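Visitor: The structure follows.
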4 protein chains.
Amino acid sequence: MPARLIESLATTEEMAAVFSDDSLLQAMLDFESALARAEARVGVIPESAAAAITKAAVASNFDSAEIARQTLRAGTPGIPLVKALTERVRISDAASAGYVHWGTTSQDVADTAMILLLRSLRAIFWRPIKDVSMLHCAIWSDKHADTVMLGRTLLQPAPPITFGLKAAQWRAAICRGWKRVSQRLDTAMVLEFGGASGTLAALGTARSRCQSGSCCGTASERACRALACISRRPCGIDGGAWDLRRQPRKNGARYFVAHASRSSRGSPNPVARDVADLQRCRISGIPLLRRLRLRRRGVYLMRSRPSCRACCREHQRAAGGWQAEWAIIATVMQLAAVALASMREVAEGLVVYPQRMRQNIDATRGAIFAERAMMMIADRVGRDEAHQILEQASTRMIATGRTLDQVLQDMSSQWGGPPDLPAFDSPEGYLGSAEQFRKRLLNDPE
Amino acid sequence: MPARLIESLATTEEMAAVFSDDSLLQAMLDFESALARAEARVGVIPESAAAAITKAAVASNFDSAEIARQTLRAGTPGIPLVKALTERVRISDAASAGYVHWGTTSQDVADTAMILLLRSLRAIFWRPIKDVSMLHCAIWSDKHADTVMLGRTLLQPAPPITFGLKAAQWRAAICRGWKRVSQRLDTAMVLEFGGASGTLAALGTARSRCQSGSCCGTASERACRALACISRRPCGIDGGAWDLRRQPRKNGARYFVAHASRSSRGSPNPVARDVADLQRCRISGIPLLRRLRLRRRGVYLMRSRPSCRACCREHQRAAGGWQAEWAIIATVMQLAAVALASMREVAEGLVVYPQRMRQNIDATRGAIFAERAMMMIADRVGRDEAHQILEQASTRMIATGRTLDQVLQDMSSQWGGPPDLPAFDSPEGYLGSAEQFRKRLLNDPE
Amino acid sequence: MPARLIESLATTEEMAAVFSDDSLLQAMLDFESALARAEARVGVIPESAAAAITKAAVASNFDSAEIARQTLRAGTPGIPLVKALTERVRISDAASAGYVHWGTTSQDVADTAMILLLRSLRAIFWRPIKDVSMLHCAIWSDKHADTVMLGRTLLQPAPPITFGLKAAQWRAAICRGWKRVSQRLDTAMVLEFGGASGTLAALGTARSRCQSGSCCGTASERACRALACISRRPCGIDGGAWDLRRQPRKNGARYFVAHASRSSRGSPNPVARDVADLQRCRISGIPLLRRLRLRRRGVYLMRSRPSCRACCREHQRAAGGWQAEWAIIATVMQLAAVALASMREVAEGLVVYPQRMRQNIDATRGAIFAERAMMMIADRVGRDEAHQILEQASTRMIATGRTLDQVLQDMSSQWGGPPDLPAFDSPEGYLGSAEQFRKRLLNDPE
Amino acid sequence: MPARLIESLATTEEMAAVFSDDSLLQAMLDFESALARAEARVGVIPESAAAAITKAAVASNFDSAEIARQTLRAGTPGIPLVKALTERVRISDAASAGYVHWGTTSQDVADTAMILLLRSLRAIFWRPIKDVSMLHCAIWSDKHADTVMLGRTLLQPAPPITFGLKAAQWRAAICRGWKRVSQRLDTAMVLEFGGASGTLAALGTARSRCQSGSCCGTASERACRALACISRRPCGIDGGAWDLRRQPRKNGARYFVAHASRSSRGSPNPVARDVADLQRCRISGIPLLRRLRLRRRGVYLMRSRPSCRACCREHQRAAGGWQAEWAIIATVMQLAAVALASMREVAEGLVVYPQRMRQNIDATRGAIFAERAMMMIADRVGRDEAHQILEQASTRMIATGRTLDQVLQDMSSQWGGPPDLPAFDSPEGYLGSAEQFRKRLLNDPE
């Protein structure tokens with residue numbers, strides 16, 4: 001399924017297939033046939049009707065372009081879909097045609113179809129997340145546990161950290177993002193089945209007997225159970241009314257979309273930003289190399305920002321909110337998938353230059369250890385005095401181009417010390433708890 | 001160009017054609033051929049190269065699906081496009097192949113192509129706006145200049161207005177929205193041509209002589225003018241550098257997109273909301289009628305809310321912002337077009353029921369005239385006293401189900417009046433400046 | 001603490017107190033004194049310094065207006081706060097002054113102070129949520145289990161539901177919203193303590209012995225534990241580095257703010273919308289009554305929509321994101337609190353008019369039962385035929401003003417039936433599973 | 001007017017004064033007194049009442065804290081304000097008390113007061129914009145017309161630009177932003193005066209005679225003109241009805257707020273980002289220097305991102321949108337002012353290091369001139385061949401650490417040239433049209 005040119009940077013082939021006409025059409029047909037079988041099982045419609053509907057409900061039987069055209073005219077895909085399915089059933093079994101879509105409503109089928117598509121995203125999203133967090137970040141973190149690099153505070157150089165810690169932090173960000181996405185996806189997996197007012201009124205209220213002879217609830221309750229079972233949805237399956245179930249579905253699906261996009265972007269985004277920034281420190285980036293270009297492209301795609309505005313709900317069914325949802329959800333989820341795929345590609349191409357990292361530290365001429373020097377000097381002359389000495393030293397560093405260590409030695413009379421301070425400007429000696437934090441993050445990234 | 005099912009409620013055939021592979025590909029090719037001719041005209045490349053490039057630059061010569069596939073790999077559509085065009089030129093004229101895309105950069109072609117597509121939206125957006133504002137609203141306004149209806153304040157009944165005034169207000173909202181959209185579109189119409197750093201460095205700096213013999217600026221300046229002329233863009237054509245021209249382009253196009261969507265939704269949205277709300281007052285809406293359904297669908301589509309987040313700019317070219325733009329812009333603009341088309345459809349189907357409007361006023365039993373009654377009574381007993389009398393009257397109205405006029409007559413001893421007040425509860429007598437406001441709005445809707 | 005006029009509709013006295021100068025200043029001082037005591041406990045600073053700092057760290061000792069002024073100049077509240085606290089400590093114990101703010105950084109204190117304030121919101125938010133969901137909605141739901149009212153689909157009349165079901169749905173929306181808010185609040189409760197680069201470098205790396213003699217981690221680890229213990233924060237207390245802990249903190253706090261505002265608005269918002277809409281059906285709203293006005297005001301406040309944009313993170317500490325956070329968080333959380341307080345007020349004032357609800361159903365003249373009538377007729381003539389009959393019947397209803405039942409009787413020859421259908425237009429007979437759904441929601445609202 | 005601690009980074013003293021209780025209260029009182037005088041002039045209320053109201057309408061006569069408290073209870077500031085003013089008038093002239101707030105409504109006074117406050121922002125916003133664009137950027141641009149620096153594309157090094165061009169681009173961005181803000185502010189300056197339903201019904205419809213004897217419109221029209229005149233508002237003064245005038249006011253004010261915040265941030269934001277990024281290239285930033293800190297703080301504040309969500313409009317007056325507006329508008333506008341003030345501060349402290357800029361170019365070892373070298377080589381061997389040669393050269397550069405020039409000399413046999421290319425790696429020789437673009441931008445920044 002080739003993507004269109006306009007969206008060529010905004011989807012992958014795999015994702016384009018998920019939201020293709022065939023895929024979407026089949027999802028809607030799956031709902032209709034599962035419903036028919038469920039209603040047959042509880043005696044609401046004849047078994048023969050369920051069989052005829054199930055047989056007809058195959059996407060290749062239908063002209064999806066024609067259904068798309070009629071959808072705009074009807075204002076919902078449910079109407080042309082049901083009409084086409086009814087005609088199809090009528091051909092093979094005229095008596096069954098009237099049982100298509102029994103007791104349900106257009107939004108039930110449209111919403112459930114979208115949920116079925118979203119369900120397939122879990123695996124697609126998980127793969128790059130797993131590779132980057134489990135594989136690349138974890139390996140980098142261990143390998144570079146002792147590789148020092150500049151910290152950054154307010155974008156400016158700060159006391160050192162290790163690249164091992166940074167990789168662990170990337171991993172944690174990715175894991176946390178995935179945890180949220182995954183939770184939201186569970187919440188979204190709710191069957192939408194309520195009929196016109198969400199009460200399943202068309203299924204009646206009479207309690208009936210099961211095959212086993214014991215009472216097992218109303219027809220609607222049993223239809224919900226059967227439908228849930230047939231469509232093998234893992235959770236939240238009591239079906240239920242619009243207002244009642246649409247709410248969590250909406251919340252679920254909407255939050256999932258918002259989070260899947262935000263969190264799965266949330267994952268690559270800090271990584272992307274860091275990588276883009278760190279690359280700049282190499283300065284001598286050479287734009288002609290293909291591999292680098294690939295890597296960069298990944299970084300840019302990782303940083304793209306789709307967004308999904310929540311729509312407002314009105315009574316049992318909203319006017320104007322959900323009708324635009326399909327296109328927006330598809331756009332947003334495809335962009336999220338691109339971001340994740342790109343994250344993996346960037347991770348695969350990343351090369352670490354420990355020597356360059358140390359050079360960046362050296363280039364600060366000790367300025368990033370000013371706090372440490374101040375605390376050493378404060379032991380002798382008090383903190384206020386020490387603070388002033390360091391302010392002077394900084395000015396001299398700029399004026400002379402010398403290192404902080406050299407400047408402080410020159411000023412040793414002021415702080416009454418021996419000409420040389422204990423080595424305060426070794427990055428390895430000023431890492432604090434970086435290693436503990438790194439290990440803890442690796443063990444418990446969430 | 002049939003829309004895909006997933007976006008069937010989110011585009012029109014006309015809009016789908018604008019953003020189709022063919023259309024987008026041709027727009028990029030138009031940029032490349034116009035560039036070649038402009039550079040030939042100022043002597044930067046040979047005339048024969050310009051001719052060969054122009055001849056090759058026809059969308060049907062290319063496999064857009066293949067270019068889309070390579071775009072994801074390359075991170076920009078510019079790279080596969082230029083490669084394919086170069087190959088195509090090489091076939092007919094090997095010597096010219098090297099002059100394809102001379103002195104420009106991928107984002108120049110990608111951005112300018114999008115601007116060319118956006119340019120075609122003016123006519124598409126204008127048609128429904130013109131029909132609704134010029135035709136329907138203006139006619140309703142005159143026809144119903146005297147048709148009274150409930151005002152609404154904080155969603156609750158308020159003193160009356162006329163439907164003529166409401167129609168004039170709808171018209172004004174639409175006209176104002178269009179004015180903004182239209183202004184933004186002008187701002188967006190900027191040629192994007194700066195080369196790698198926005199300085200057009202590859203075109204050189206030497207000032208050269210025109211055919212007329214007089215000095216007419218650098219090659220780059222003349223190329224910009226020629227390019228602008230060739231591509232017949234109406235404004236902002238000095239071309240210019242990235243940072244320089246990308247900025248207004250970005251601002252222009254982004255604001256256009258944001259506003260086109262917001263304002264053109266801004267136009268139908270209050271109308272949609274009012275129509276949806278007013279329909280409810282008919283209460284006996286009959287859901288089976290097709291015409292009504294059509295109208296309603298329009299209302300819902302009118303209320304859909306796409307959004308476009310602005311991307312941030314970094315130095316001469318942003319990393320990660322614009323790469324996702326194409327898909328998002330296309331989604332948003334197509335939704336806007338659907339909203340506008342639906343607005344027209346709703347307008348065409350709207351039926352006004354003056355009698356029903358008056359019944360809604362009568363059903364308030366005079367409560368909406370309480371302020372007026374209070375001012376009449378205040379003339380006799382002062383405003384504080386009058387206020388208390390009306391509070392009591394309101395309580396009695398609720399308790400007894402009688403009209404405000406009847407209740408106040410019963411209480412006439414309290415306000416020392418003759419048993420009957422001057423008729424305070426005629427809607428026609430309490431319209432204030434509604435008619436002046438209506439006329440002024442019709443004359444000067446902006 | 002009176003609110004300022006500009007925010008008089010956007011806060012409550014209780015919330016204004018939470019974000020007052022005194023409260024915020026004390027929260028920052030609490031961090032500093034807890035830190036000193038924790039560091040003393042693990043031997044990083046002298047016990048006497050901890051005592052002196054704790055004694056000084058009382059908000060009434062400081063001029064908050066002066067600190068606010070200096071904050072704008074310094075770019076962070078941490079700098080003037082620490083300076084003022086240091087001076088204060090110096091007065092009583094000069095030797096201890098140098099130990100103020102030891103090993104930490106400005107953002108540690110600023111962020112932790114905000115978290116301490118957010119912590120106090122749980123109780124404030126919970127009270128109205130509990131009252132409305134537990135008390136009002138639950139009671140209404142049971143009392144009105146049999147009170148029928150119009151369903152609404154796409155804002156138009158639909159088959160009936162019960163007010164008991166609607167109240168249960170409101171309750172569920174509120175409970176779900178609260179659950180999310182509450183979870184987010186837990187996530188946000190993380191101690192922020194990392195020093196300049198998030199490694200706690202200034203605390204050193206030497207493992208030292210506890211009082212008990214056994215090794216118990218580095219000074220920083222023990223300081224974190226002690227600090228957590230002292231400040232009695234319930235979770236997430238391993239302290240940790242910026243990038244590491246700031247991330248979840250940010251996520252936590254930001255998500256909490258976003259969700260607290262969204263979800264706690266999310267709770268009242270559908271309720272508010274429904275109440276506002278339902279009130280309109282009473283039509284004869286009488287604007288002068290104080291109680292009604294109060295109720296309405298609550299509805300409007302419930303619908304206000306503050307929003308909080310997420311800020312982006314850069315390396316160990318962001319430039320430009322968090323600096324504006326305080327004011328925005330305070331604005332957003334106060335608006336959320338107003339929405340919740342208003343929700344309670346609306347709930348307390350709500351009056352249900354069952355008779356009016358039934359009149360609204362009757363006013364549809366049976367149109368909302370068209371689906372049911374069609375299914376009855378379909379049993380005799382098939383669904384296609386039945387559909388056409390109902391379309392004709394709808395047209396006649398509009399033309400004649402008669403009920404659907406009457407019109408269908410007149411048309412009985414067409415559907416070959418006895419002149420009267422079984423009573424299809426009794427709302428009580430067409431409630432489907434409304435009661436089961438209601439009970440299930442009451443038992444398991446989430 | 002000291003800011004509160006919670007908003008100390010989010011406002012300035014000047015802005016805090018604009019939104020102070022006194023300022024807001026006086027703005028509301030100004031509306032009431034102007035209204036009274038206007039109505040007196042056209043004979044709607046007695047002249048003596050206008051005099052008494054004007055005399056009483058002084059903020060210092062009122063307890064703003066008490067009015068704020070009652071505002072929350074009433075749901076609008078209009079009700080307690082009018083009540084307090086009425087009481088105040090009654091004291092001096094009982095007969096006039098009843099004429100306070102005649103014919104208007106709460107939202108008229110609340111909205112117009114906010115517009116009066118917004119009006120005063122023009123001067124506050126303009127000052128820093130003028131200083132930075134007119135003064136600093138213009139001077140830098142001329143002074144550094146020849147100062148070369150690295151271009152950046154996709155955040156990576158690119159062919160050179162001049163700092164003079166960059167300063168001109170900053171100036172243009174600021175000028176464009178201000179133009180939009182300023183236009184929006186004009187649009188927002190609309191008098192809000194419509195009464196309960198926006199028809200000014202309470203002012204009557206009778207056409208009356210002016211003092212001059214000629215007919216001059218209805219009382220309401222003349223009151224609008226008089227009110228506009230009295231309050232000296234410069235535009236859009238026909239007053240007019242809610243729906244009618246509230247719409248543009250809303251749009252006006254809302255767009256102004258959105259744009260003032262976005263555009264005035266829009267102005268400093270690219271500048272801030274560039275400055276923050278450029279500072280990083282100095283690497284040896286020394287965090288202890290106060291001046292640098294100040295500058296940085298400015299940068300961070302410039303980048304803060306408040307946002308203002310548009311509220312939806314319903315019929316003549318919205319329920320729940322505008323009630324939260326005051327606090328949000330105040331927050332957003334104050335943040336915008338901080339961003340602008342910070343921009344000026346950053347500009348004042350900015351130091352340019354031309355030598356450092358050149359070193360950054362040199363550090364790329366010619367890689368940024370690869371395109372230029374390729375075009376030179378292409379003249380001899382064709383572009384395809386040249387492209388491959390440059391790819392090889394890039395790989396060798398990385399492997400050997402040599403410059404592009406050296407590497408290409410070694411490879412000269414491949415491109416059949418003399419051992420040395422014409423100097424392709426002089427930044428001054430590859431600036432293209434940078435200087436023309438710079439001059440054009442300085443002359444026509446919009």
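If you're wondering about the labels, chains in the structure tokens are A, B, ... by order shown, residues count from 1 in each chain, ligands from 1 in order shown.
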Excluding same-chain residues fewer than 6 positions from segment 425-427 of chain B, what lies within 6 Å of it counting only C-alpha atoms, as a list of chain:residue names?
Guide: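 Contacts, in chain order: B:Pro160, B:Gly366, B:Phe369.
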Visitor: With a distance cut-off of 10 Å and only C-alpha atoms, select the neighbouring residues of Val100 of chain D, excluding the residue or stretch itself and same-chain residues fewer than 6 positions from it, and output the selection as an MDAnalysis selection string.
Guide: chainID D and resid 32:33 35:36 45 49:50 52:54 82:83 85:87 89:90
Visitor: What's the 12 Å shell around segment 129-132 of chain B, counting only C-alpha atoms, without same-chain residues fewer than 6 positions away, as a PyMOL selection string?
Guide: chain B and resi 122-123+138-141+167-168+170-179+181-182+263-268+271+336-337+339-350
Visitor: Produce a file of the selected residues containing C-alpha atoms, as a compact mmCIF listing (two decimals), in the first residue's frame.
Guide:
```
# COMPACT_ATOMS: atom_id res chain seq x y z
CA ARG B 122 -8.98 30.73 -2.83
CA ALA B 123 -11.60 29.95 -5.43
CA ALA B 138 -28.85 38.67 2.78
CA ILE B 139 -32.20 37.41 1.53
CA TRP B 140 -33.23 35.97 4.88
CA SER B 141 -32.26 39.17 6.59
CA ALA B 167 -29.14 36.49 9.59
CA ALA B 168 -27.28 39.77 9.21
CA TRP B 170 -24.34 35.40 10.46
CA ARG B 171 -23.48 37.22 7.26
CA ALA B 172 -21.14 39.56 9.08
CA ALA B 173 -19.38 36.68 10.83
CA ILE B 174 -18.84 34.96 7.50
CA CYS B 175 -17.61 38.12 5.78
CA ARG B 176 -15.17 38.94 8.56
CA GLY B 177 -13.84 35.41 8.54
CA TRP B 178 -13.32 35.50 4.80
CA LYS B 179 -11.59 38.84 4.94
CA VAL B 181 -8.57 34.24 5.30
CA SER B 182 -8.15 36.22 2.15
CA SER B 263 -11.78 31.57 10.25
CA SER B 264 -13.54 29.58 7.63
CA ARG B 265 -14.66 27.35 10.42
CA GLY B 266 -15.07 30.51 12.41
CA SER B 267 -17.61 31.47 9.82
CA PRO B 268 -19.77 28.39 9.73
CA VAL B 271 -24.02 29.61 12.24
CA ALA B 336 -12.01 23.47 6.33
CA ALA B 337 -13.34 22.96 2.83
CA ALA B 339 -17.01 22.77 6.74
CA LEU B 340 -17.61 25.45 4.14
CA ALA B 341 -19.32 23.14 1.68
CA SER B 342 -21.55 21.93 4.47
CA MET B 343 -22.38 25.47 5.47
CA ARG B 344 -23.75 26.08 2.00
CA GLU B 345 -25.75 22.89 2.08
CA VAL B 346 -27.25 23.79 5.44
CA ALA B 347 -28.10 27.26 4.17
CA GLU B 348 -29.83 25.84 1.13
CA GLY B 349 -31.93 23.53 3.27
CA LEU B 350 -32.85 25.91 6.05
```
Visitor: Per DSSP on the backbone, filter segment 3-204 of chain D down to the residues in helix (DSSP H, G or I) and report them as a PyMOL selection string.
Guide: chain D and resi 5-7+13-18+21-41+47-56+59-61+64-74+78-92+94-99+106-119+121-143+163-188+201-203
Visitor: For chain D, which residue among C:Ser197, C:Ser48, C:Gln26, C:Ser20 is the nearest when counting only C-alpha atoms?
Guide: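 With only C-alpha atoms as the atom set, the closest residue is C:Ser20.
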